[in-house]
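Asks: The structure under discussion is supplied below as structure tokens; questions concerning it will follow.
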Amino acid sequence: MGIIEFDEKTGKPILIDPRIFRVQFRSSLGKLEKYYRALEEGRILGTLCRECGYKQYPPRSYCPRCRSKDIEFYELPSVGRLLTFTEVNVKPQTHSQYPDYIVGVVEVDGVKVVGHVKARFEDLKPDQTVEISVEKREGDEFPRIVFKPIK
């Protein structure tokens, strides 16, 4: 087996790196523990700066606008507006076992959130209203943010 093969979908040549790349990491949560605990409970939190009012997602332990550390968590609403989306069919190794999927950007409460879109690509359009939730995909314990169009 060489390092050049052909993509099954396009027939175009692709580079295949035969090395196994497995990553597992541990990271200190610090002040963001509340965010990850909420994800495990199916809730999505942003942060609000108590000094200047700036809203942030994903949450940070300080305000990127005024650098204040006086921030508070708040729960994002469960409905937002789909800004843009794309279908992913050339996937990273970590997602290669899954069928093609759609990733979208949703604006909710003044912040932008990236997540998986559960819909057919041809049924989506910009500015569409979507429901925002958290779920775990079968075989994967990490919570993911999901958008579903509201009809």
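Labels used: A, B, ... for chains in the order of the structure tokens, numbers from 1 for residues in each chain, and numbers from 1 for ligands as shown.
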So which bits of chain A end up strand (DSSP E or B) when you DSSP the backbone, as a PyMOL selection string?

Replies: chain A and resi 4-6+13-15+45-49+55-56+71-75+79-88+101-108+111-117+128-135+144-149

Asks: Tell me, counting only C-alpha atoms, for each residue of segment 31-97 of chain A within 7 Å of segment 122-137 of chain A, which pair of atoms is nearest and how far apart they are in Å to one decimal, in rows ordered by chain and increasing number, as JSON lines.

Replies:
{"residue": "A:Leu39", "atom": "CA", "partner": "A:Val134", "partner_atom": "CA", "distance": 6.8}
{"residue": "A:Gly42", "atom": "CA", "partner": "A:Val134", "partner_atom": "CA", "distance": 4.9}
{"residue": "A:Arg43", "atom": "CA", "partner": "A:Val134", "partner_atom": "CA", "distance": 6.7}
{"residue": "A:Ser78", "atom": "CA", "partner": "A:Ile132", "partner_atom": "CA", "distance": 4.8}
{"residue": "A:Val79", "atom": "CA", "partner": "A:Glu131", "partner_atom": "CA", "distance": 4.6}
{"residue": "A:Gly80", "atom": "CA", "partner": "A:Val130", "partner_atom": "CA", "distance": 5.4}
{"residue": "A:Arg81", "atom": "CA", "partner": "A:Thr129", "partner_atom": "CA", "distance": 4.7}
{"residue": "A:Leu82", "atom": "CA", "partner": "A:Asp127", "partner_atom": "CA", "distance": 5.1}
{"residue": "A:Leu83", "atom": "CA", "partner": "A:Pro126", "partner_atom": "CA", "distance": 5.2}
{"residue": "A:Thr84", "atom": "CA", "partner": "A:Pro126", "partner_atom": "CA", "distance": 5.8}

Asks: I'd like the contact shell of Gly104 of chain A - 8 Å cut-off, only C-alpha atoms, skipping same-chain residues fewer than 5 positions apart - returned as a JSON list (two decimals) with C-alpha atoms, in the first residue's frame.

Replies:
[["chain", "number", "residue", "atom", "x", "y", "z"],
["A", 82, "LEU", "CA", -29.35, 29.20, 11.46],
["A", 83, "LEU", "CA", -26.79, 31.51, 9.85],
["A", 84, "THR", "CA", -24.86, 29.08, 7.67],
["A", 85, "PHE", "CA", -24.25, 25.36, 7.23],
["A", 86, "THR", "CA", -22.18, 22.88, 5.26],
["A", 114, "VAL", "CA", -21.41, 25.75, 16.16],
["A", 115, "GLY", "CA", -23.08, 22.34, 16.18],
["A", 116, "HIS", "CA", -24.42, 19.40, 14.20],
["A", 117, "VAL", "CA", -27.58, 19.93, 12.17],
["A", 147, "PHE", "CA", -29.71, 21.96, 15.81]]

Asks: Show me, as a list in words, the residues that have an atom within 10 Å of Ile3 of chain A when counting only C-alpha atoms, minus same-chain residues fewer than 6 positions from it.

Replies: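 With the cut-off at 10 Å, the set is Pro13, Ile14, Leu15, Ile16, Asp17 and Pro18 of chain A.
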
Asks: Kindly assemble as CSV a list of the segment 32-59 of chain A residues that lie within 6 Å of segment 70-77 of chain A, each paired with its nearest atom pair and their distance in Å to one decimal, using only C-alpha atoms, sorted first by chain and then by ascending residue number.

Replies:
residue,atom,partner,partner_atom,distance
A:Ile44,CA,A:Leu76,CA,5.8
A:Leu45,CA,A:Glu75,CA,4.4
A:Gly46,CA,A:Tyr74,CA,5.5
A:Thr47,CA,A:Phe73,CA,4.5
A:Leu48,CA,A:Glu72,CA,5.3
A:Cys49,CA,A:Ile71,CA,4.4
A:Arg50,CA,A:Ile71,CA,5.5

Asks: Output the selection as a compact mmCIF listing (two decimals), in the first residue's frame - C-alpha atoms for each residue.

Replies:
# COMPACT_ATOMS: atom_id res chain seq x y z
CA ILE A 44 -25.74 25.12 27.12
CA LEU A 45 -24.22 27.99 29.05
CA GLY A 46 -22.60 31.20 27.90
CA THR A 47 -20.88 33.84 29.99
CA LEU A 48 -21.89 37.41 30.67
CA CYS A 49 -19.43 40.05 31.86
CA ARG A 50 -20.83 41.87 34.89

Asks: Quick one: DSSP helix (DSSP H, G or I) residues in segment 6-144 of chain A, as a PyMOL selection string?

Replies: chain A and resi 30-40+93-95+121-123

Asks: Of the residues A:Arg65, A:Gly110, A:Phe121, A:Glu5, which is the one nearest to Val88 of chain A, using only C-alpha atoms?

Replies: A:Phe121

Asks: Would you mind telling me which residue in A:Glu41, A:Glu87, A:Asp140, A:Glu33 lies nearest to Pro99 of chain A when using only C-alpha atoms?

Replies: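 Selected residue with least distance to Pro99 of chain A: A:Glu87.
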
Asks: Measure the distance from atom CA of Pro92 of chain A to atom CA of Lys34 of chain A in Å and round it to one decimal.

Replies: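 Atom-to-atom, atom CA of Pro92 of chain A and atom CA of Lys34 of chain A are spaced 28.7 Å apart.
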
Asks: Ranking A:Val90, A:Val111, A:Leu32, A:Ile20 by minimum distance to Tyr57 of chain A and counting only C-alpha atoms, which one comes first?

Replies: A:Val111
